[in-house]
$ cat coords-v4.pdb   # PDB, C-alpha atoms
ATOM      1  CA  MET A   1       6.117 -31.780  -3.234
ATOM      2  CA  TRP A   2       4.373 -28.415  -2.973
ATOM      3  CA  ILE A   3       0.876 -27.227  -2.094
ATOM      4  CA  ASP A   4      -0.448 -24.009  -3.622
ATOM      5  CA  THR A   5      -2.889 -22.934  -0.920
ATOM      6  CA  HIS A   6      -4.552 -20.233  -3.045
ATOM      7  CA  CYS A   7      -5.053 -20.017  -6.801
ATOM      8  CA  HIS A   8      -7.975 -18.974  -8.998
ATOM      9  CA  LEU A   9      -7.705 -21.426 -11.860
ATOM     10  CA  ASP A  10     -11.267 -20.602 -12.904
ATOM     11  CA  ALA A  11     -10.306 -16.989 -13.700
ATOM     12  CA  PRO A  12     -10.981 -15.619 -17.216
ATOM     13  CA  GLU A  13      -7.244 -15.476 -17.904
ATOM     14  CA  PHE A  14      -7.279 -19.286 -18.103
ATOM     15  CA  GLY A  15      -9.870 -19.332 -20.886
ATOM     16  CA  PRO A  16     -13.606 -19.971 -21.007
ATOM     17  CA  ASP A  17     -13.173 -23.737 -21.188
ATOM     18  CA  HIS A  18     -10.276 -23.824 -18.672
ATOM     19  CA  THR A  19      -7.885 -25.205 -21.294
ATOM     20  CA  LEU A  20      -5.052 -22.990 -20.054
ATOM     21  CA  ALA A  21      -5.820 -23.992 -16.479
ATOM     22  CA  VAL A  22      -5.430 -27.656 -17.363
ATOM     23  CA  GLN A  23      -2.161 -26.947 -19.163
ATOM     24  CA  ALA A  24      -0.874 -24.821 -16.285
ATOM     25  CA  ARG A  25      -1.837 -27.490 -13.779
ATOM     26  CA  GLU A  26      -0.058 -30.191 -15.765
ATOM     27  CA  ARG A  27       3.095 -28.092 -15.845
ATOM     28  CA  ALA A  28       2.804 -27.405 -12.119
ATOM     29  CA  THR A  29       2.502 -31.137 -11.448
ATOM     30  CA  SER A  30       5.659 -31.777 -13.465
ATOM     31  CA  LEU A  31       7.448 -29.261 -11.219
ATOM     32  CA  GLY A  32       6.268 -30.903  -8.012
ATOM     33  CA  VAL A  33       3.051 -29.061  -7.150
ATOM     34  CA  GLU A  34       1.004 -31.825  -5.588
ATOM     35  CA  LEU A  35      -2.214 -29.997  -4.754
ATOM     36  CA  CYS A  36      -3.907 -26.627  -5.292
ATOM     37  CA  VAL A  37      -6.748 -24.955  -3.399
ATOM     38  CA  ILE A  38      -9.191 -23.096  -5.650
ATOM     39  CA  PRO A  39     -11.387 -20.604  -3.740
ATOM     40  CA  ALA A  40     -14.681 -19.300  -5.091
ATOM     41  CA  VAL A  41     -15.334 -15.562  -5.174
ATOM     42  CA  ALA A  42     -19.076 -15.382  -5.867
ATOM     43  CA  ARG A  43     -22.214 -17.489  -6.089
ATOM     44  CA  ALA A  44     -21.821 -17.686  -9.873
ATOM     45  CA  ASN A  45     -18.636 -19.736  -9.595
ATOM     46  CA  PHE A  46     -19.530 -22.102  -6.728
ATOM     47  CA  ASP A  47     -20.182 -24.956  -9.157
ATOM     48  CA  VAL A  48     -17.332 -23.903 -11.432
ATOM     49  CA  VAL A  49     -14.604 -24.231  -8.797
ATOM     50  CA  ARG A  50     -16.084 -27.479  -7.501
ATOM     51  CA  ARG A  51     -16.129 -29.084 -10.938
ATOM     52  CA  LEU A  52     -12.673 -27.749 -11.767
ATOM     53  CA  ALA A  53     -11.182 -29.084  -8.526
ATOM     54  CA  HIS A  54     -12.566 -32.527  -9.312
ATOM     55  CA  ARG A  55     -11.319 -32.329 -12.890
ATOM     56  CA  LEU A  56      -7.802 -31.380 -11.786
ATOM     57  CA  GLY A  57      -7.630 -33.520  -8.654
ATOM     58  CA  ASP A  58      -7.400 -30.447  -6.440
ATOM     59  CA  ALA A  59      -9.320 -28.884  -3.540
ATOM     60  CA  TYR A  60     -11.776 -25.981  -3.409
ATOM     61  CA  ALA A  61     -13.445 -23.500  -1.079
ATOM     62  CA  LEU A  62     -16.825 -21.780  -1.351
ATOM     63  CA  GLY A  63     -17.430 -18.179  -0.375
ATOM     64  CA  ILE A  64     -18.205 -14.608  -1.424
ATOM     65  CA  HIS A  65     -15.160 -12.356  -1.889
ATOM     66  CA  PRO A  66     -15.408  -8.777  -0.568
ATOM     67  CA  LEU A  67     -14.774  -7.389  -4.057
ATOM     68  CA  PHE A  68     -17.975  -9.156  -5.147
ATOM     69  CA  VAL A  69     -20.068  -7.966  -2.208
ATOM     70  CA  PRO A  70     -21.404  -4.872  -4.068
ATOM     71  CA  GLN A  71     -23.253  -7.046  -6.574
ATOM     72  CA  ALA A  72     -24.042  -9.886  -4.165
ATOM     73  CA  LYS A  73     -27.537 -10.458  -2.800
ATOM     74  CA  GLU A  74     -28.422 -11.704   0.647
ATOM     75  CA  ASP A  75     -29.940 -14.765  -1.040
ATOM     76  CA  ASP A  76     -26.396 -15.639  -2.078
ATOM     77  CA  LEU A  77     -25.695 -16.447   1.555
ATOM     78  CA  LEU A  78     -28.596 -18.908   1.513
ATOM     79  CA  ALA A  79     -27.139 -20.413  -1.658
ATOM     80  CA  LEU A  80     -23.749 -20.722   0.048
ATOM     81  CA  ASP A  81     -25.321 -22.453   3.031
ATOM     82  CA  ALA A  82     -27.151 -24.825   0.681
ATOM     83  CA  ALA A  83     -23.989 -25.598  -1.290
ATOM     84  CA  LEU A  84     -21.988 -26.256   1.873
ATOM     85  CA  THR A  85     -24.752 -28.594   3.024
ATOM     86  CA  GLU A  86     -25.075 -30.382  -0.316
ATOM     87  CA  HIS A  87     -21.333 -30.983  -0.631
ATOM     88  CA  ARG A  88     -20.490 -31.498   3.025
ATOM     89  CA  ASP A  89     -19.254 -35.030   2.315
ATOM     90  CA  ASP A  90     -17.109 -33.936  -0.623
ATOM     91  CA  PRO A  91     -13.508 -34.437   0.554
ATOM     92  CA  ARG A  92     -12.334 -31.763  -1.901
ATOM     93  CA  LEU A  93     -14.354 -29.047  -0.134
ATOM     94  CA  VAL A  94     -11.826 -27.801   2.413
ATOM     95  CA  ALA A  95     -12.889 -24.308   3.529
ATOM     96  CA  VAL A  96     -15.233 -21.349   3.341
ATOM     97  CA  GLY A  97     -13.520 -18.776   1.180
ATOM     98  CA  GLU A  98     -12.434 -16.475  -0.178
ATOM     99  CA  ILE A  99     -14.095 -14.156   2.325
ATOM    100  CA  GLY A 100     -12.984 -11.100   4.253
ATOM    101  CA  LEU A 101     -12.770  -7.324   4.066
ATOM    102  CA  ASP A 102     -11.122  -4.969   1.592
ATOM    103  CA  PHE A 103     -10.443  -1.399   2.698
ATOM    104  CA  PHE A 104      -8.069  -0.631  -0.164
ATOM    105  CA  VAL A 105     -10.518  -0.130  -3.037
ATOM    106  CA  PRO A 106     -11.979   3.390  -2.566
ATOM    107  CA  THR A 107     -15.590   2.450  -3.371
ATOM    108  CA  LEU A 108     -15.455  -0.324  -0.782
ATOM    109  CA  CYS A 109     -14.352   2.131   1.895
ATOM    110  CA  GLU A 110     -17.543   4.164   1.817
ATOM    111  CA  PRO A 111     -19.497   3.763   5.086
ATOM    112  CA  ALA A 112     -22.433   1.892   3.540
ATOM    113  CA  MET A 113     -20.139  -0.521   1.723
ATOM    114  CA  ARG A 114     -17.960  -1.114   4.772
ATOM    115  CA  LYS A 115     -21.114  -2.040   6.644
ATOM    116  CA  ARG A 116     -22.249  -4.346   3.849
ATOM    117  CA  GLN A 117     -18.845  -6.028   3.671
ATOM    118  CA  THR A 118     -18.912  -6.589   7.411
ATOM    119  CA  PHE A 119     -22.377  -8.143   7.210
ATOM    120  CA  PHE A 120     -21.295 -10.632   4.536
ATOM    121  CA  TYR A 121     -18.066 -11.397   6.375
ATOM    122  CA  ARG A 122     -19.766 -12.121   9.685
ATOM    123  CA  GLU A 123     -22.498 -14.211   8.067
ATOM    124  CA  GLN A 124     -19.874 -16.310   6.311
ATOM    125  CA  LEU A 125     -17.964 -16.770   9.553
ATOM    126  CA  ARG A 126     -21.208 -18.081  11.029
ATOM    127  CA  LEU A 127     -21.590 -20.487   8.119
ATOM    128  CA  ALA A 128     -18.029 -21.704   8.567
ATOM    129  CA  ARG A 129     -18.779 -22.389  12.221
ATOM    130  CA  LYS A 130     -22.070 -24.119  11.354
ATOM    131  CA  HIS A 131     -20.377 -26.395   8.820
ATOM    132  CA  ARG A 132     -17.211 -26.827  10.896
ATOM    133  CA  LEU A 133     -14.921 -25.562   8.187
ATOM    134  CA  PRO A 134     -11.893 -23.255   8.346
ATOM    135  CA  VAL A 135     -11.861 -19.996   6.389
ATOM    136  CA  ILE A 136      -9.609 -18.464   3.744
ATOM    137  CA  LEU A 137      -9.410 -14.737   4.394
ATOM    138  CA  HIS A 138      -8.883 -11.793   2.045
ATOM    139  CA  VAL A 139      -6.902  -9.255   4.090
ATOM    140  CA  ARG A 140      -6.250  -5.878   2.472
ATOM    141  CA  ARG A 141      -5.840  -2.929   4.845
ATOM    142  CA  SER A 142      -8.375  -4.651   7.047
ATOM    143  CA  ALA A 143      -6.439  -6.924   9.414
ATOM    144  CA  ASP A 144      -7.501  -5.325  12.693
ATOM    145  CA  VAL A 145     -11.193  -5.290  11.814
ATOM    146  CA  LEU A 146     -11.022  -8.843  10.484
ATOM    147  CA  LEU A 147      -9.423  -9.954  13.725
ATOM    148  CA  LYS A 148     -12.061  -8.198  15.832
ATOM    149  CA  HIS A 149     -14.875 -10.159  14.215
ATOM    150  CA  LEU A 150     -12.861 -13.358  14.107
ATOM    151  CA  ARG A 151     -12.396 -13.183  17.872
ATOM    152  CA  GLU A 152     -16.176 -12.893  18.246
ATOM    153  CA  LEU A 153     -16.838 -15.707  15.743
ATOM    154  CA  PRO A 154     -13.746 -17.947  15.852
ATOM    155  CA  THR A 155     -13.414 -20.701  13.268
ATOM    156  CA  GLY A 156     -10.508 -22.550  14.853
ATOM    157  CA  SER A 157      -8.196 -22.428  11.853
ATOM    158  CA  GLY A 158      -7.707 -20.976   8.409
ATOM    159  CA  ILE A 159      -5.384 -18.931   6.238
ATOM    160  CA  ALA A 160      -4.837 -15.174   6.108
ATOM    161  CA  HIS A 161      -4.207 -15.009   2.373
ATOM    162  CA  ALA A 162      -1.555 -12.682   0.899
ATOM    163  CA  PHE A 163      -0.586 -11.455   4.356
ATOM    164  CA  ASN A 164       1.088  -8.057   4.418
ATOM    165  CA  GLY A 165       0.439  -6.745   7.906
ATOM    166  CA  SER A 166       2.466  -6.006  11.008
ATOM    167  CA  ALA A 167       4.214  -8.439  13.333
ATOM    168  CA  GLN A 168       1.522  -7.778  15.935
ATOM    169  CA  GLN A 169      -1.260  -8.560  13.464
ATOM    170  CA  ALA A 170       0.583 -11.685  12.337
ATOM    171  CA  GLN A 171       0.784 -12.931  15.899
ATOM    172  CA  ALA A 172      -2.884 -12.196  16.462
ATOM    173  CA  PHE A 173      -3.843 -14.379  13.483
ATOM    174  CA  ILE A 174      -1.465 -17.102  14.656
ATOM    175  CA  ASP A 175      -3.001 -16.999  18.142
ATOM    176  CA  LEU A 176      -6.406 -17.674  16.535
ATOM    177  CA  GLY A 177      -5.081 -20.778  14.775
ATOM    178  CA  PHE A 178      -4.328 -19.209  11.395
ATOM    179  CA  LYS A 179      -1.454 -19.610   8.985
ATOM    180  CA  LEU A 180      -0.199 -16.700   6.887
ATOM    181  CA  GLY A 181      -0.055 -16.942   3.091
ATOM    182  CA  PHE A 182       3.035 -15.730   1.202
ATOM    183  CA  GLY A 183       3.385 -15.669  -2.571
ATOM    184  CA  GLY A 184       4.726 -13.649  -5.480
ATOM    185  CA  ALA A 185       4.973 -10.375  -3.565
ATOM    186  CA  VAL A 186       7.860 -11.741  -1.504
ATOM    187  CA  THR A 187       9.990 -12.098  -4.660
ATOM    188  CA  PHE A 188      10.278  -8.312  -5.146
ATOM    189  CA  GLU A 189      13.518  -7.007  -3.640
ATOM    190  CA  PRO A 190      12.025  -3.577  -2.757
ATOM    191  CA  ALA A 191       9.409  -5.321  -0.549
ATOM    192  CA  LEU A 192      11.746  -5.040   2.416
ATOM    193  CA  LYS A 193       9.136  -5.160   5.164
ATOM    194  CA  LEU A 194       7.356  -8.178   3.705
ATOM    195  CA  ARG A 195      10.602 -10.044   3.053
ATOM    196  CA  GLN A 196      11.757  -9.404   6.603
ATOM    197  CA  MET A 197       8.412 -10.669   7.880
ATOM    198  CA  ALA A 198       8.921 -13.862   5.844
ATOM    199  CA  VAL A 199      12.229 -14.331   7.651
ATOM    200  CA  ASP A 200      11.147 -13.390  11.169
ATOM    201  CA  LEU A 201       7.945 -15.396  11.434
ATOM    202  CA  SER A 202       8.066 -18.901  12.799
ATOM    203  CA  LEU A 203       8.285 -21.516  10.053
ATOM    204  CA  SER A 204       5.180 -23.135  11.547
ATOM    205  CA  ALA A 205       3.141 -19.999  10.685
ATOM    206  CA  LEU A 206       3.774 -19.949   6.927
ATOM    207  CA  VAL A 207       1.996 -21.373   3.906
ATOM    208  CA  LEU A 208       2.808 -20.755   0.259
ATOM    209  CA  GLU A 209       0.482 -19.604  -2.495
ATOM    210  CA  THR A 210       0.481 -18.053  -5.955
ATOM    211  CA  ASP A 211      -2.960 -16.349  -6.046
ATOM    212  CA  ALA A 212      -2.753 -17.164  -9.760
ATOM    213  CA  PRO A 213      -3.371 -15.383 -12.026
ATOM    214  CA  ASP A 214      -3.001 -12.403  -9.650
ATOM    215  CA  ILE A 215       0.095 -11.223  -7.721
ATOM    216  CA  PRO A 216       2.662 -12.382 -10.279
ATOM    217  CA  PRO A 217       6.224 -12.902  -9.031
ATOM    218  CA  GLN A 218       8.914 -10.419  -9.989
ATOM    219  CA  TRP A 219      10.075 -12.346 -13.063
ATOM    220  CA  LEU A 220       6.594 -12.197 -14.636
ATOM    221  CA  TYR A 221       5.701  -8.653 -13.677
ATOM    222  CA  ALA A 222       5.673  -5.885 -16.260
ATOM    223  CA  THR A 223       5.425  -2.272 -15.112
ATOM    224  CA  ALA A 224       2.963   0.128 -16.740
ATOM    225  CA  ALA A 225       5.822   1.642 -18.739
ATOM    226  CA  GLU A 226       6.997  -1.779 -19.896
ATOM    227  CA  ARG A 227       3.479  -2.767 -20.900
ATOM    228  CA  ALA A 228       3.158   0.499 -22.839
ATOM    229  CA  ALA A 229       6.388  -0.389 -24.626
ATOM    230  CA  GLY A 230       4.945  -3.731 -25.677
ATOM    231  CA  ARG A 231       6.080  -6.155 -22.980
ATOM    232  CA  ALA A 232       3.297  -8.570 -22.076
ATOM    233  CA  GLN A 233       2.461  -9.329 -18.482
ATOM    234  CA  GLY A 234       3.391 -12.930 -17.750
ATOM    235  CA  LEU A 235       0.583 -15.295 -16.724
ATOM    236  CA  ASN A 236       0.979 -16.346 -13.105
ATOM    237  CA  THR A 237       0.141 -20.033 -12.547
ATOM    238  CA  PRO A 238       0.733 -22.664  -9.845
ATOM    239  CA  ALA A 239       3.821 -23.684 -11.814
ATOM    240  CA  GLU A 240       5.539 -20.606 -10.342
ATOM    241  CA  LEU A 241       5.181 -21.893  -6.773
ATOM    242  CA  PRO A 242       8.454 -23.862  -6.610
ATOM    243  CA  ARG A 243      10.446 -20.838  -7.770
ATOM    244  CA  ILE A 244       8.618 -18.572  -5.300
ATOM    245  CA  ALA A 245       9.462 -21.134  -2.630
ATOM    246  CA  GLU A 246      13.118 -21.037  -3.639
ATOM    247  CA  VAL A 247      13.130 -17.286  -3.013
ATOM    248  CA  MET A 248      11.470 -17.793   0.371
ATOM    249  CA  ALA A 249      13.919 -20.548   1.307
ATOM    250  CA  GLY A 250      16.824 -18.342   0.249
ATOM    251  CA  LEU A 251      15.606 -15.488   2.416
ATOM    252  CA  ARG A 252      15.327 -17.816   5.397
ATOM    253  CA  GLY A 253      18.618 -19.584   4.667
ATOM    254  CA  MET A 254      17.034 -23.028   4.578
ATOM    255  CA  ASP A 255      16.770 -26.021   2.289
ATOM    256  CA  PRO A 256      13.738 -25.832  -0.073
ATOM    257  CA  HIS A 257      12.916 -29.460   0.785
ATOM    258  CA  GLU A 258      12.568 -28.482   4.430
ATOM    259  CA  LEU A 259      10.315 -25.599   3.424
ATOM    260  CA  ALA A 260       8.193 -27.970   1.322
ATOM    261  CA  ARG A 261       7.709 -30.296   4.292
ATOM    262  CA  ALA A 262       6.750 -27.391   6.540
ATOM    263  CA  ASN A 263       4.379 -25.956   3.941
ATOM    264  CA  ARG A 264       2.618 -29.298   3.656
ATOM    265  CA  ALA A 265       2.251 -29.692   7.430
ATOM    266  CA  ASN A 266       1.115 -26.094   7.889
ATOM    267  CA  ALA A 267      -1.405 -26.268   5.043
ATOM    268  CA  CYS A 268      -2.913 -29.400   6.569
ATOM    269  CA  ALA A 269      -3.078 -27.736   9.983
ATOM    270  CA  ALA A 270      -4.889 -24.748   8.480
ATOM    271  CA  LEU A 271      -7.172 -26.808   6.216
ATOM    272  CA  PRO A 272      -7.426 -30.241   7.877
ATOM    273  CA  ARG A 273      -9.318 -31.916   5.021
ATOM    274  CA  LEU A 274      -6.198 -31.609   2.876
ATOM    275  CA  THR A 275      -4.620 -34.439   4.845
ATOM    276  CA  ALA A 276      -6.926 -37.101   3.413
ATOM    277  CA  LEU A 277      -6.497 -35.749  -0.120
ATOM    278  CA  LEU A 278      -2.729 -35.859   0.155
ATOM    279  CA  THR A 279      -2.829 -39.367   1.595
ATOM    280  CA  GLN A 280      -5.054 -40.437  -1.283
ATOM    281  CA  ALA A 281      -2.767 -38.769  -3.829
ATOM    282  CA  GLY A 282       0.298 -40.342  -2.274
TER
END

$ encode --input "coords-v4.pdb" --output "structure tokens"
Amino acid sequence: MWIDTHCHLDAPEFGPDHTLAVQARERATSLGVELCVIPAVARANFDVVRRLAHRLGDAYALGIHPLFVPQAKEDDLLALDAALTEHRDDPRLVAVGEIGLDFFVPTLCEPAMRKRQTFFYREQLRLARKHRLPVILHVRRSADVLLKHLRELPTGSGIAHAFNGSAQQAQAFIDLGFKLGFGGAVTFEPALKLRQMAVDLSLSALVLETDAPDIPPQWLYATAAERAAGRAQGLNTPAELPRIAEVMAGLRGMDPHELARANRANACAALPRLTALLTQAG
């Protein structure tokens, strides 16, 4: 049985009434995906991800994504604090996330926006500490800065989502109690550095994710030229997780069942509230 530690089933690609999300989740269940974690990205979808997680029998996280920081207001942090307080006894609330820093998007790299991102990141780390929750981190060309603030405001555990950093950065996250998320990107043969990282890291450091509908695996991906020629981009869903896991297991030369057991244990170590949900589901 698999756990998808990061998927955005509330995204517009799954339809305004989440019909496609329900269908995708049913297919994922039939393929052995036991549980998904649905992170929020902005105040506007705090309630949406909570309701969807309950509807699907999954887990959720609440936070403000760095890509949504430009339009966020400081009052949104008060709303996040209030939501974390209101739902503190909800067993499906497992983390503060998706939060972090993004130094890939050019407009987010401007000095004023870097400062604003850092403010929201640090405030959300403080909220995670206040509410005794782990964090789910967005890490894009920002690992060293993320780590700097995380050392000052440690949360004890969490997941560095879609990890694509160096071995030294990986170890630094691990030393702070974090697991590293791997998904569709590892299925691309040209991603030599990432695939080698997936092999070299300790099995105890890894968790699996799809980031659905983003970061589609190789078999769903259509290049710009292919899209121009009429090929549609495949919709990434949690149903792709077992096949992504097969690729990861193949790279590591291990049995997929062993990888599934490790993924489950590692996900629960990173997000401890998952344990009760899995026990309940089992």

$ closest_atom_pairs --input "coords-v4.pdb" --of "stretch 123-227 of chain A" --to "stretch 103-112 of chain A" --cutoff "9 Å" --atoms "all atoms listed in the file" --output "Markdown table"
| residue | atom | partner | partner_atom | distance |
| --- | --- | --- | --- | --- |
| A:Val139 | CA | A:Phe103 | CA | 8.7 |
| A:Arg140 | CA | A:Phe103 | CA | 6.1 |
| A:Arg141 | CA | A:Phe103 | CA | 5.3 |
| A:Ser142 | CA | A:Phe103 | CA | 5.8 |

$ resolve_selection --input "coords-v4.pdb" --expression "the PyMOL selection byres ((chain A and resi 39-48) around 7)" --output "list in words"
His6, His8, Val37, Ile38, Val49, Arg50, Arg51, Leu52, Tyr60, Ala61, Leu62, Gly63, Ile64, His65, Phe68, Asp76, Gly97 and Glu98 of chain A

$ resolve_selection --input "coords-v4.pdb" --expression "the PyMOL selection byres ((chain A and resi 121-130) around 7)" --output "PDB file with C-alpha atoms, keeping the file's coordinate frame"
ATOM      1  CA  ASP A  81     -25.321 -22.453   3.031  1.00  0.00           C
ATOM      2  CA  VAL A  96     -15.233 -21.349   3.341  1.00  0.00           C
ATOM      3  CA  ILE A  99     -14.095 -14.156   2.325  1.00  0.00           C
ATOM      4  CA  GLY A 100     -12.984 -11.100   4.253  1.00  0.00           C
ATOM      5  CA  GLN A 117     -18.845  -6.028   3.671  1.00  0.00           C
ATOM      6  CA  THR A 118     -18.912  -6.589   7.411  1.00  0.00           C
ATOM      7  CA  PHE A 119     -22.377  -8.143   7.210  1.00  0.00           C
ATOM      8  CA  PHE A 120     -21.295 -10.632   4.536  1.00  0.00           C
ATOM      9  CA  HIS A 131     -20.377 -26.395   8.820  1.00  0.00           C
ATOM     10  CA  ARG A 132     -17.211 -26.827  10.896  1.00  0.00           C
ATOM     11  CA  LEU A 133     -14.921 -25.562   8.187  1.00  0.00           C
ATOM     12  CA  PRO A 134     -11.893 -23.255   8.346  1.00  0.00           C
ATOM     13  CA  VAL A 135     -11.861 -19.996   6.389  1.00  0.00           C
ATOM     14  CA  HIS A 149     -14.875 -10.159  14.215  1.00  0.00           C
ATOM     15  CA  LEU A 153     -16.838 -15.707  15.743  1.00  0.00           C
ATOM     16  CA  THR A 155     -13.414 -20.701  13.268  1.00  0.00           C
TER      17      THR A 155
END

$ atom_distance --input "coords-v4.pdb" --atom1 "atom CA of A:Ile174" --atom2 "atom CA of A:Ala59"
23.1 Å

$ residues_around --input "coords-v4.pdb" --residues "A:Gly250" --least-positions-apart "4" --cutoff "12 Å" --atoms "all atoms listed in the file" --output "compact mmCIF listing (two decimals) with C-alpha atoms, keeping the file's coordinate frame"
# COMPACT_ATOMS: atom_id res chain seq x y z
CA VAL A 186 7.86 -11.74 -1.50
CA THR A 187 9.99 -12.10 -4.66
CA ARG A 195 10.60 -10.04 3.05
CA ALA A 198 8.92 -13.86 5.84
CA VAL A 199 12.23 -14.33 7.65
CA ARG A 243 10.45 -20.84 -7.77
CA ILE A 244 8.62 -18.57 -5.30
CA ALA A 245 9.46 -21.13 -2.63
CA GLU A 246 13.12 -21.04 -3.64
CA MET A 254 17.03 -23.03 4.58
CA ASP A 255 16.77 -26.02 2.29
CA PRO A 256 13.74 -25.83 -0.07
CA HIS A 257 12.92 -29.46 0.78
CA GLU A 258 12.57 -28.48 4.43
CA LEU A 259 10.32 -25.60 3.42

$ atom_distance --input "coords-v4.pdb" --atom1 "atom CA of A:Gly32" --atom2 "atom CA of A:Pro242"
7.5 Å

$ atom_distance --input "coords-v4.pdb" --atom1 "atom CA of A:Phe163" --atom2 "atom CA of A:Leu180"
5.8 Å

$ residues_around --input "coords-v4.pdb" --residues "A:Asn263" --least-positions-apart "3" --cutoff "12 Å" --atoms "all atoms listed in the file" --output "number ranges by chain"
A: 1-5, 33-35, 179-182, 202-209, 241-242, 245, 248-249, 256-260, 266-271

$ closest_residue --input "coords-v4.pdb" --among "A:Ala170, A:Met113, A:Ala143, A:Leu201" --to "A:Ala72" --atoms "only C-alpha atoms"
A:Met113

$ decode --input "coords-v4.pdb" --residues "stretch 9-20 of chain A" --atoms "N, CA, C and O atoms" --output "PDB file, in the first residue's frame"
ATOM      1  N   LEU A   9      -5.114  17.810  -5.067  1.00  0.00           N
ATOM      2  CA  LEU A   9      -6.347  17.325  -5.675  1.00  0.00           C
ATOM      3  C   LEU A   9      -7.432  18.389  -5.766  1.00  0.00           C
ATOM      4  O   LEU A   9      -8.464  18.163  -6.402  1.00  0.00           O
ATOM      5  N   ASP A  10      -7.181  19.540  -5.161  1.00  0.00           N
ATOM      6  CA  ASP A  10      -8.128  20.659  -5.268  1.00  0.00           C
ATOM      7  C   ASP A  10      -7.814  21.559  -6.459  1.00  0.00           C
ATOM      8  O   ASP A  10      -8.524  22.547  -6.680  1.00  0.00           O
ATOM      9  N   ALA A  11      -6.782  21.244  -7.222  1.00  0.00           N
ATOM     10  CA  ALA A  11      -6.341  22.102  -8.324  1.00  0.00           C
ATOM     11  C   ALA A  11      -7.422  22.205  -9.407  1.00  0.00           C
ATOM     12  O   ALA A  11      -8.244  21.297  -9.563  1.00  0.00           O
ATOM     13  N   PRO A  12      -7.421  23.304 -10.166  1.00  0.00           N
ATOM     14  CA  PRO A  12      -8.438  23.495 -11.216  1.00  0.00           C
ATOM     15  C   PRO A  12      -8.484  22.366 -12.236  1.00  0.00           C
ATOM     16  O   PRO A  12      -9.540  22.091 -12.810  1.00  0.00           O
ATOM     17  N   GLU A  13      -7.356  21.719 -12.464  1.00  0.00           N
ATOM     18  CA  GLU A  13      -7.321  20.622 -13.441  1.00  0.00           C
ATOM     19  C   GLU A  13      -8.279  19.482 -13.081  1.00  0.00           C
ATOM     20  O   GLU A  13      -8.659  18.686 -13.945  1.00  0.00           O
ATOM     21  N   PHE A  14      -8.656  19.401 -11.803  1.00  0.00           N
ATOM     22  CA  PHE A  14      -9.559  18.331 -11.367  1.00  0.00           C
ATOM     23  C   PHE A  14     -11.023  18.769 -11.343  1.00  0.00           C
ATOM     24  O   PHE A  14     -11.869  18.042 -10.832  1.00  0.00           O
ATOM     25  N   GLY A  15     -11.297  19.939 -11.923  1.00  0.00           N
ATOM     26  CA  GLY A  15     -12.683  20.377 -12.083  1.00  0.00           C
ATOM     27  C   GLY A  15     -13.191  21.194 -10.914  1.00  0.00           C
ATOM     28  O   GLY A  15     -12.722  21.041  -9.778  1.00  0.00           O
ATOM     29  N   PRO A  16     -14.149  22.065 -11.173  1.00  0.00           N
ATOM     30  CA  PRO A  16     -14.661  22.953 -10.126  1.00  0.00           C
ATOM     31  C   PRO A  16     -15.390  22.224  -9.004  1.00  0.00           C
ATOM     32  O   PRO A  16     -15.444  22.702  -7.868  1.00  0.00           O
ATOM     33  N   ASP A  17     -15.955  21.069  -9.308  1.00  0.00           N
ATOM     34  CA  ASP A  17     -16.668  20.318  -8.273  1.00  0.00           C
ATOM     35  C   ASP A  17     -15.874  19.097  -7.800  1.00  0.00           C
ATOM     36  O   ASP A  17     -16.414  18.246  -7.090  1.00  0.00           O
ATOM     37  N   HIS A  18     -14.608  19.008  -8.208  1.00  0.00           N
ATOM     38  CA  HIS A  18     -13.686  17.950  -7.800  1.00  0.00           C
ATOM     39  C   HIS A  18     -14.088  16.568  -8.312  1.00  0.00           C
ATOM     40  O   HIS A  18     -13.624  15.542  -7.796  1.00  0.00           O
ATOM     41  N   THR A  19     -14.944  16.523  -9.331  1.00  0.00           N
ATOM     42  CA  THR A  19     -15.365  15.230  -9.868  1.00  0.00           C
ATOM     43  C   THR A  19     -14.178  14.402 -10.349  1.00  0.00           C
ATOM     44  O   THR A  19     -14.080  13.203 -10.064  1.00  0.00           O
ATOM     45  N   LEU A  20     -13.256  15.044 -11.065  1.00  0.00           N
ATOM     46  CA  LEU A  20     -12.084  14.323 -11.565  1.00  0.00           C
ATOM     47  C   LEU A  20     -11.165  13.893 -10.429  1.00  0.00           C
ATOM     48  O   LEU A  20     -10.501  12.857 -10.525  1.00  0.00           O
TER      49      LEU A  20
END
